[in-house]
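Here is entry_15.cif, consisting of mmCIF, C-alpha atoms:
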data_upload
#
loop_
_atom_site.label_atom_id
_atom_site.label_comp_id
_atom_site.auth_asym_id
_atom_site.auth_seq_id
_atom_site.Cartn_x
_atom_site.Cartn_y
_atom_site.Cartn_z
CA MET A 1 -1.14 -15.89 20.77
CA ILE A 2 1.33 -16.75 18.07
CA VAL A 3 2.64 -20.14 19.15
CA ASP A 4 5.41 -20.67 16.64
CA GLU A 5 6.08 -19.82 13.06
CA THR A 6 3.35 -22.12 11.74
CA ALA A 7 0.47 -21.90 14.21
CA VAL A 8 -1.75 -19.51 16.09
CA GLU A 9 -3.90 -20.23 19.12
CA VAL A 10 -6.88 -18.54 20.68
CA ARG A 11 -8.15 -19.66 24.08
CA ARG A 12 -11.32 -18.36 25.76
CA ARG A 13 -13.54 -19.36 28.68
CA PHE A 14 -17.31 -19.08 28.50
CA ARG A 15 -19.90 -19.52 31.21
CA VAL A 16 -22.01 -22.04 29.24
CA ALA A 17 -22.04 -25.83 28.88
CA PRO A 18 -19.64 -27.51 26.42
CA GLU A 19 -22.60 -28.60 24.25
CA LYS A 20 -23.50 -24.96 23.62
CA VAL A 21 -19.98 -24.12 22.45
CA PHE A 22 -20.01 -27.24 20.29
CA ALA A 23 -23.33 -26.14 18.75
CA ALA A 24 -21.67 -22.91 17.63
CA PHE A 25 -19.52 -25.06 15.32
CA SER A 26 -21.99 -27.80 14.42
CA GLU A 27 -25.17 -25.94 13.49
CA ALA A 28 -25.31 -23.85 10.34
CA ARG A 29 -27.65 -21.25 11.81
CA TRP A 30 -25.10 -20.44 14.53
CA VAL A 31 -21.91 -20.83 12.48
CA ALA A 32 -23.03 -18.17 10.04
CA ARG A 33 -23.41 -15.68 12.86
CA TRP A 34 -19.94 -15.69 14.39
CA LEU A 35 -17.28 -17.47 12.37
CA SER A 36 -15.84 -14.38 10.70
CA PRO A 37 -13.12 -11.97 11.81
CA SER A 38 -15.47 -9.05 12.39
CA PRO A 39 -19.19 -8.24 12.30
CA ASP A 40 -18.78 -6.26 9.07
CA ILE A 41 -17.43 -9.31 7.25
CA ARG A 42 -20.56 -11.33 6.60
CA LEU A 43 -20.31 -15.11 6.32
CA SER A 44 -22.56 -17.17 4.09
CA LEU A 45 -22.40 -20.96 4.09
CA LEU A 46 -22.19 -22.24 0.53
CA GLN A 47 -21.84 -25.82 1.75
CA PHE A 48 -22.04 -27.26 5.26
CA GLN A 49 -21.85 -31.00 5.93
CA PHE A 50 -21.02 -31.31 9.59
CA ARG A 51 -19.91 -34.94 9.79
CA GLU A 52 -16.56 -36.67 9.56
CA GLY A 53 -15.47 -36.50 5.94
CA GLY A 54 -18.11 -33.87 5.22
CA ALA A 55 -17.18 -30.74 3.31
CA TYR A 56 -17.84 -27.08 3.97
CA ARG A 57 -17.40 -23.95 1.94
CA PHE A 58 -17.65 -20.49 3.49
CA ALA A 59 -17.92 -17.20 1.62
CA TYR A 60 -16.72 -14.09 3.43
CA HIS A 61 -18.21 -10.87 2.12
CA VAL A 62 -15.83 -8.02 2.73
CA PRO A 63 -17.20 -4.46 2.74
CA GLY A 64 -16.55 -3.06 -0.70
CA GLY A 65 -17.79 -6.14 -2.51
CA GLN A 66 -14.87 -8.55 -2.38
CA VAL A 67 -15.45 -12.15 -1.39
CA MET A 68 -12.98 -14.53 0.19
CA THR A 69 -13.87 -18.19 0.01
CA VAL A 70 -12.64 -20.89 2.36
CA ARG A 71 -13.26 -24.59 1.97
CA GLY A 72 -12.31 -27.70 3.83
CA ALA A 73 -13.46 -30.99 5.30
CA TYR A 74 -14.22 -32.20 8.78
CA ARG A 75 -11.48 -34.67 9.63
CA LEU A 76 -12.53 -35.55 13.16
CA ILE A 77 -15.65 -34.87 15.19
CA ASP A 78 -15.82 -35.97 18.81
CA ARG A 79 -18.95 -34.44 20.28
CA PRO A 80 -18.80 -32.23 22.33
CA SER A 81 -15.06 -32.02 22.91
CA LYS A 82 -13.12 -31.96 19.67
CA ILE A 83 -13.43 -30.90 16.04
CA VAL A 84 -10.64 -30.98 13.46
CA PHE A 85 -11.10 -29.52 9.99
CA SER A 86 -8.93 -28.55 7.09
CA TRP A 87 -8.90 -24.92 6.02
CA VAL A 88 -8.02 -23.97 2.47
CA ILE A 89 -8.47 -20.48 1.11
CA GLU A 90 -9.49 -20.30 -2.54
CA PRO A 91 -7.87 -18.07 -5.19
CA PRO A 92 -7.30 -15.20 -5.71
CA ASP A 93 -6.28 -14.89 -2.07
CA GLU A 94 -2.58 -14.61 -1.27
CA HIS A 95 -2.91 -17.75 0.88
CA ALA A 96 -4.76 -19.73 -1.78
CA GLY A 97 -4.12 -23.44 -1.85
CA LEU A 98 -2.36 -23.67 1.47
CA ASP A 99 -3.74 -26.73 3.25
CA SER A 100 -3.90 -25.57 6.85
CA GLU A 101 -5.73 -27.23 9.72
CA VAL A 102 -7.92 -26.03 12.56
CA ILE A 103 -8.16 -28.00 15.80
CA VAL A 104 -10.97 -27.06 18.15
CA THR A 105 -10.85 -28.38 21.71
CA ILE A 106 -13.76 -27.83 24.08
CA THR A 107 -13.08 -28.64 27.73
CA PRO A 108 -15.47 -28.34 30.71
CA ASP A 109 -14.05 -26.48 33.68
CA GLY A 110 -16.58 -26.26 36.52
CA GLU A 111 -19.37 -23.96 35.42
CA PHE A 112 -17.18 -22.76 32.56
CA THR A 113 -16.16 -24.22 29.25
CA GLU A 114 -12.76 -23.58 27.79
CA LEU A 115 -12.48 -23.23 24.05
CA LEU A 116 -9.10 -23.64 22.39
CA ILE A 117 -8.78 -22.96 18.67
CA ARG A 118 -5.43 -23.90 17.21
CA HIS A 119 -4.84 -23.06 13.56
CA GLU A 120 -1.76 -24.81 12.29
CA LYS A 121 0.22 -25.70 9.17
CA LEU A 122 -0.08 -22.06 8.20
CA THR A 123 3.18 -22.06 6.31
CA ARG A 124 4.95 -24.29 3.93
CA PRO A 125 8.61 -24.42 4.78
CA ALA A 126 10.83 -24.15 1.76
CA ALA A 127 12.33 -27.43 0.63
CA GLY A 128 15.81 -27.82 2.00
CA ALA A 129 15.22 -25.25 4.69
CA ARG A 130 13.85 -27.72 7.18
CA HIS A 131 17.12 -28.58 8.84
CA ALA A 132 20.07 -26.72 10.30
CA GLU A 133 19.13 -23.06 10.15
CA GLY A 134 15.69 -23.96 9.01
CA TRP A 135 13.59 -21.00 9.63
CA ARG A 136 12.76 -21.55 13.24
CA GLY A 137 12.64 -18.20 14.86
CA ALA A 138 12.53 -16.38 11.55
CA LEU A 139 9.24 -14.79 12.40
CA ASP A 140 10.37 -13.79 15.87
CA GLN A 141 13.28 -12.10 14.26
CA LEU A 142 10.97 -10.52 11.79
CA ALA A 143 8.61 -9.22 14.44
CA ALA A 144 11.53 -7.70 16.36
CA LEU A 145 12.83 -6.13 13.19
CA LEU A 146 9.52 -4.64 12.25
CA GLU A 147 9.03 -3.26 15.75
CA GLN A 148 12.46 -1.74 15.59
CA SER A 149 12.06 -0.20 12.18
CA GLY A 150 8.54 0.98 12.88
CA ALA A 151 7.36 -0.76 9.73
CA TYR A 152 4.52 -2.42 11.61
CA HIS A 153 2.66 0.76 12.07
CA ALA A 154 3.25 2.13 8.65
CA ASP A 155 0.66 1.49 5.99
CA MET B 1 -1.19 -2.81 16.46
CA ARG B 2 -4.42 -1.86 14.77
CA LEU B 3 -5.37 -5.35 13.70
CA ALA B 4 -9.13 -5.45 13.84
CA PRO B 5 -9.90 -2.27 11.92
CA ALA B 6 -7.41 -3.26 9.24
CA THR B 7 -8.96 -6.66 8.66
CA GLY B 8 -11.39 -5.61 5.96
CA ARG B 9 -8.70 -3.82 4.06
CA THR B 10 -6.32 -6.74 4.32
CA TYR B 11 -8.85 -9.11 2.84
CA SER B 12 -9.59 -6.83 -0.03
CA HIS B 13 -6.04 -6.60 -1.39
CA MET B 14 -5.20 -10.08 -2.52
CA THR B 15 -3.42 -11.36 -5.52
CA MET B 16 -2.09 -14.74 -6.49
CA GLN B 17 1.30 -13.25 -7.07
CA ARG B 18 1.77 -12.41 -3.43
CA LEU B 19 1.83 -16.10 -2.51
CA SER B 20 4.93 -16.79 -4.53
CA ASN B 21 6.45 -13.55 -3.29
CA LEU B 22 5.78 -14.74 0.22
CA ASP B 23 7.38 -18.10 -0.48
CA ARG B 24 10.49 -16.31 -1.76
CA THR B 25 10.57 -14.08 1.28
CA PHE B 26 10.40 -17.00 3.70
CA ARG B 27 13.01 -18.92 1.76
CA ALA B 28 15.34 -15.94 1.90
CA LEU B 29 14.74 -15.59 5.63
CA ALA B 30 15.49 -19.27 6.27
CA ASP B 31 19.15 -18.56 6.84
CA GLY B 32 20.83 -17.07 9.89
CA THR B 33 23.42 -15.05 8.00
CA ARG B 34 20.81 -13.51 5.75
CA ARG B 35 18.64 -12.63 8.74
CA SER B 36 21.65 -10.96 10.34
CA MET B 37 22.29 -9.02 7.16
CA ILE B 38 18.71 -7.81 7.20
CA HIS B 39 19.17 -6.83 10.79
CA VAL B 40 22.16 -4.70 9.90
CA LEU B 41 20.34 -3.14 6.95
CA ALA B 42 17.26 -2.49 9.10
CA ARG B 43 19.04 0.56 10.52
CA GLY B 44 18.17 2.16 7.24
CA GLU B 45 21.52 3.03 5.71
CA ALA B 46 22.66 1.45 2.48
CA ARG B 47 25.75 -0.75 2.87
CA SER B 48 28.21 -1.87 0.28
CA ALA B 49 28.93 -5.54 -0.29
CA GLY B 50 32.43 -4.93 1.05
CA GLU B 51 31.17 -3.42 4.30
CA LEU B 52 28.80 -6.31 4.81
CA GLY B 53 31.57 -8.80 4.03
CA ARG B 54 33.83 -7.31 6.71
CA GLN B 55 31.01 -7.29 9.22
CA PHE B 56 30.23 -10.98 8.72
CA ARG B 57 33.78 -12.17 8.21
CA SER B 58 32.65 -14.27 5.27
CA ALA B 59 34.24 -14.70 1.89
CA GLN B 60 33.01 -12.14 -0.60
CA PRO B 61 31.46 -14.75 -2.95
CA THR B 62 29.39 -16.06 -0.01
CA ILE B 63 28.23 -12.55 0.82
CA SER B 64 27.44 -11.87 -2.84
CA ASN B 65 25.39 -15.03 -3.00
CA HIS B 66 23.39 -14.13 0.11
CA LEU B 67 22.78 -10.66 -1.26
CA LYS B 68 21.60 -12.13 -4.54
CA VAL B 69 19.03 -14.30 -2.72
CA LEU B 70 17.83 -11.32 -0.72
CA GLU B 71 17.64 -9.22 -3.88
CA GLN B 72 15.64 -11.85 -5.75
CA ALA B 73 13.21 -12.03 -2.84
CA GLY B 74 12.85 -8.27 -3.10
CA LEU B 75 14.17 -7.83 0.42
CA VAL B 76 17.04 -5.61 -0.63
CA GLU B 77 17.59 -3.32 -3.58
CA ARG B 78 20.92 -2.73 -5.21
CA THR B 79 22.33 0.52 -6.50
CA ILE B 80 25.53 0.56 -8.45
CA GLU B 81 27.91 3.52 -8.35
CA GLY B 82 30.94 2.77 -10.42
CA ARG B 83 32.37 -0.38 -8.95
CA ILE B 84 30.56 -0.14 -5.65
CA HIS B 85 27.34 -2.07 -5.17
CA ARG B 86 25.23 -0.74 -2.32
CA PHE B 87 22.30 -2.55 -0.74
CA ARG B 88 19.31 -1.11 1.02
CA LEU B 89 16.48 -2.93 2.84
CA ARG B 90 13.01 -2.94 1.30
CA GLN B 91 10.35 -3.17 3.97
CA LYS B 92 7.32 -4.20 1.95
CA PRO B 93 8.10 -7.94 1.69
CA LEU B 94 8.92 -8.03 5.39
CA LYS B 95 5.60 -6.48 6.22
CA GLU B 96 3.79 -9.00 4.06
CA ALA B 97 5.58 -11.93 5.68
CA GLY B 98 4.83 -10.57 9.12
CA SER B 99 1.14 -10.12 8.39
CA TRP B 100 0.85 -13.69 7.13
CA ILE B 101 0.53 -15.25 10.57
CA ILE B 102 -0.87 -12.19 12.25
CA ARG B 103 -3.81 -12.13 9.87
CA HIS B 104 -4.93 -15.55 11.07
CA GLN B 105 -4.46 -14.54 14.66
CA ALA B 106 -6.71 -11.54 14.02
CA PHE B 107 -9.26 -13.76 12.29
CA TRP B 108 -9.73 -16.10 15.24
CA ASN B 109 -9.58 -13.39 17.87
CA GLY B 110 -12.31 -11.54 16.03
CA ALA B 111 -14.38 -14.68 15.57
CA VAL B 112 -14.17 -15.66 19.23
CA ASP B 113 -15.23 -12.14 20.23
CA GLN B 114 -18.31 -12.61 18.10
CA LEU B 115 -18.91 -16.07 19.58
CA ASP B 116 -18.76 -14.54 23.05
CA ARG B 117 -21.63 -12.25 22.12
CA LEU B 118 -23.64 -15.02 20.47
CA LEU B 119 -23.34 -17.74 23.13
CA PRO B 120 -26.03 -16.37 25.47
CA GLU B 121 -28.49 -16.73 22.59
CA ILE B 122 -27.32 -20.27 21.81
CA ALA B 123 -27.50 -21.19 25.49
CA GLY B 124 -31.02 -19.82 25.72
CA ASN B 125 -32.14 -21.88 22.78
CA ASP B 126 -33.86 -25.19 23.63
CA ARG B 127 -32.30 -27.12 20.80
CA GLY B 128 -28.94 -25.28 21.21
#
Translate the structure of the given file into structure tokens.
Amino acid sequence: MIVDETAVEVRRRFRVAPEKVFAAFSEARWVARWLSPSPDIRLSLLQFQFREGGAYRFAYHVPGGQVMTVRGAYRLIDRPSKIVFSWVIEPPDEHAGLDSEVIVTITPDGEFTELLIRHEKLTRPAAGARHAEGWRGALDQLAALLEQSGAYHAD
Amino acid sequence: MRLAPATGRTYSHMTMQRLSNLDRTFRALADGTRRSMIHVLARGEARSAGELGRQFRSAQPTISNHLKVLEQAGLVERTIEGRIHRFRLRQKPLKEAGSWIIRHQAFWNGAVDQLDRLLPEIAGNDRG
């Protein structure tokens, strides 16, 4: 779900132990097999140092030959319950240079494990726009507008 | 919303320029009056500065200034007929701003779907 104008969250329950979910983030052989938006966008790990302060660099191969590269560093690792890493997309992407952050929380729940991925700091508020009007709610407004005008479905 | 199938296409159309465009769009949207003006223009008809001024009960210079910000962000386009300036909404920057957050949502939803399919294999692995 879209939490506010700067963050998104995805929450899912799996019927496996927390350690197994953690392994999906901590071991290169597993990471490469799921951490992309769809099976046709292949991920190759250019760099993968899974330790606090360690760096990673992921290349996403989009059908048609384009590559999107993401890099970052592991800021906090608390096995098997929490992982925090920065997420910076490299040029020429439209989001290039934006220093966002991903917070992974893994919580046991009986025979299940709940995974919460929160991706935040996705926007950089314009200077001077932080107060008063700010731009709180701007995206809500936007979404309503786009729904209304039908622009969402247009190409 | 057809998010998943569009993902590949979204990732393949990227330019540096769009980042600064996006910054301008968000800056322009960071004001309640300007958002209301967009709302009014979203009905599709072009409005003159005078019409918009009456609707918002603001001084004309204030309205002109808001319209200038929206124009610079590419959110509205201006046509001039004699002395009348008319403004019409441009949807492209709005779409780009909207897809900014949604693209990340789609990314993680897609990834977690893939994780769901992979976990049985990880769980079945001794060293997993």
Non-local contacts of stretch 36-51 of chain B (8 Å; all atoms listed in the file; under 2 positions in same chain excluded) as a PyMOL selection string: (chain A and resi 145+149) or (chain B and resi 32-34+53-55+60+63-64+84-89)
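By all atoms listed in the file, and with residues fewer than 3 positions from B:Ala123 along its chain excluded, the set lying at most 12 Å from it is Phe14, Arg15, Val16, Ala17, Pro18, Glu19, Lys20, Val21, Phe22, Ala23, Ala24 and Trp30 of chain A; Leu115, Asp116, Arg117, Leu118, Leu119, Pro120, Asp126, Arg127 and Gly128 of chain B.
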Explicit residues for the PyMOL selection byres ((chain A and resi 74-79) around 10) (as a PyMOL selection string): chain A and resi 18-19+22-23+26+48-56+72-73+80-87+101-106
Top pick for closest residue to chain B, considering A:Ala28, A:Ile89, A:Ala96, A:Val70 and counting all atoms listed in the file: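 Among the listed residues, the smallest separation from chain B belongs to A:Ala96.
Nearest residue to chain B, choosing from A:Pro37, A:Phe58, A:Val31, A:Leu115 and counting only C-alpha atoms: A:Pro37.
Residue nearest chain B, chosen from A:Val10, A:Ala59, A:Leu116, A:Leu45 and counting only C-alpha atoms: A:Val10.
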The PyMOL selection byres ((chain A and resi 113) around 6) resolved against shown file, as a VMD selection string: chain A and resid 13 to 14 18 107 to 109 112 114
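The gap separating atom CA of A:Ile117 from atom CA of A:Asp99 is 16.7 Å, in Å to one decimal.
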Target residues per the PyMOL selection byres ((chain B and resi 112) around 9), formatted as a VMD selection string: (chain A and resid 10 to 12 34 to 37) or (chain B and resid 107 to 111 113 to 117)
C-alpha atoms of the current selection, written as a PDB file, in the coordinates of the input:
ATOM      1  CA  VAL A  10      -6.880 -18.540  20.680  1.00  0.00           C
ATOM      2  CA  ARG A  11      -8.150 -19.660  24.080  1.00  0.00           C
ATOM      3  CA  ARG A  12     -11.320 -18.360  25.760  1.00  0.00           C
ATOM      4  CA  TRP A  34     -19.940 -15.690  14.390  1.00  0.00           C
ATOM      5  CA  LEU A  35     -17.280 -17.470  12.370  1.00  0.00           C
ATOM      6  CA  SER A  36     -15.840 -14.380  10.700  1.00  0.00           C
ATOM      7  CA  PRO A  37     -13.120 -11.970  11.810  1.00  0.00           C
TER       8      PRO A  37
ATOM      9  CA  PHE B 107      -9.260 -13.760  12.290  1.00  0.00           C
ATOM     10  CA  TRP B 108      -9.730 -16.100  15.240  1.00  0.00           C
ATOM     11  CA  ASN B 109      -9.580 -13.390  17.870  1.00  0.00           C
ATOM     12  CA  GLY B 110     -12.310 -11.540  16.030  1.00  0.00           C
ATOM     13  CA  ALA B 111     -14.380 -14.680  15.570  1.00  0.00           C
ATOM     14  CA  ASP B 113     -15.230 -12.140  20.230  1.00  0.00           C
ATOM     15  CA  GLN B 114     -18.310 -12.610  18.100  1.00  0.00           C
ATOM     16  CA  LEU B 115     -18.910 -16.070  19.580  1.00  0.00           C
ATOM     17  CA  ASP B 116     -18.760 -14.540  23.050  1.00  0.00           C
ATOM     18  CA  ARG B 117     -21.630 -12.250  22.120  1.00  0.00           C
TER      19      ARG B 117
END
Point-to-point distance from atom CA of A:Thr123 to atom CA of B:Gln105, Å rounded to tenths: 13.6 Å
Pairwise distance for atom CA of A:Gln47 and atom CA of A:Pro91, rounded to one decimal in Å: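 Separation between atom CA of A:Gln47 and atom CA of A:Pro91: 17.4 Å.
If only C-alpha atoms are the atoms counted, then among B:Val69, B:Gln91, B:Thr25, B:Glu96 the closest residue to chain A is B:Gln91.
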From B:Arg24, B:Arg103, B:Asp31, B:Ser58, residue lying nearest chain A [only C-alpha atoms]: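 Answer, going by the shortest atom-to-atom distance: B:Asp31.
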Option closest in space to chain B, from A:Asp93, A:Asp40, A:Glu111, A:Glu120 [counting all atoms listed in the file]: A:Asp93
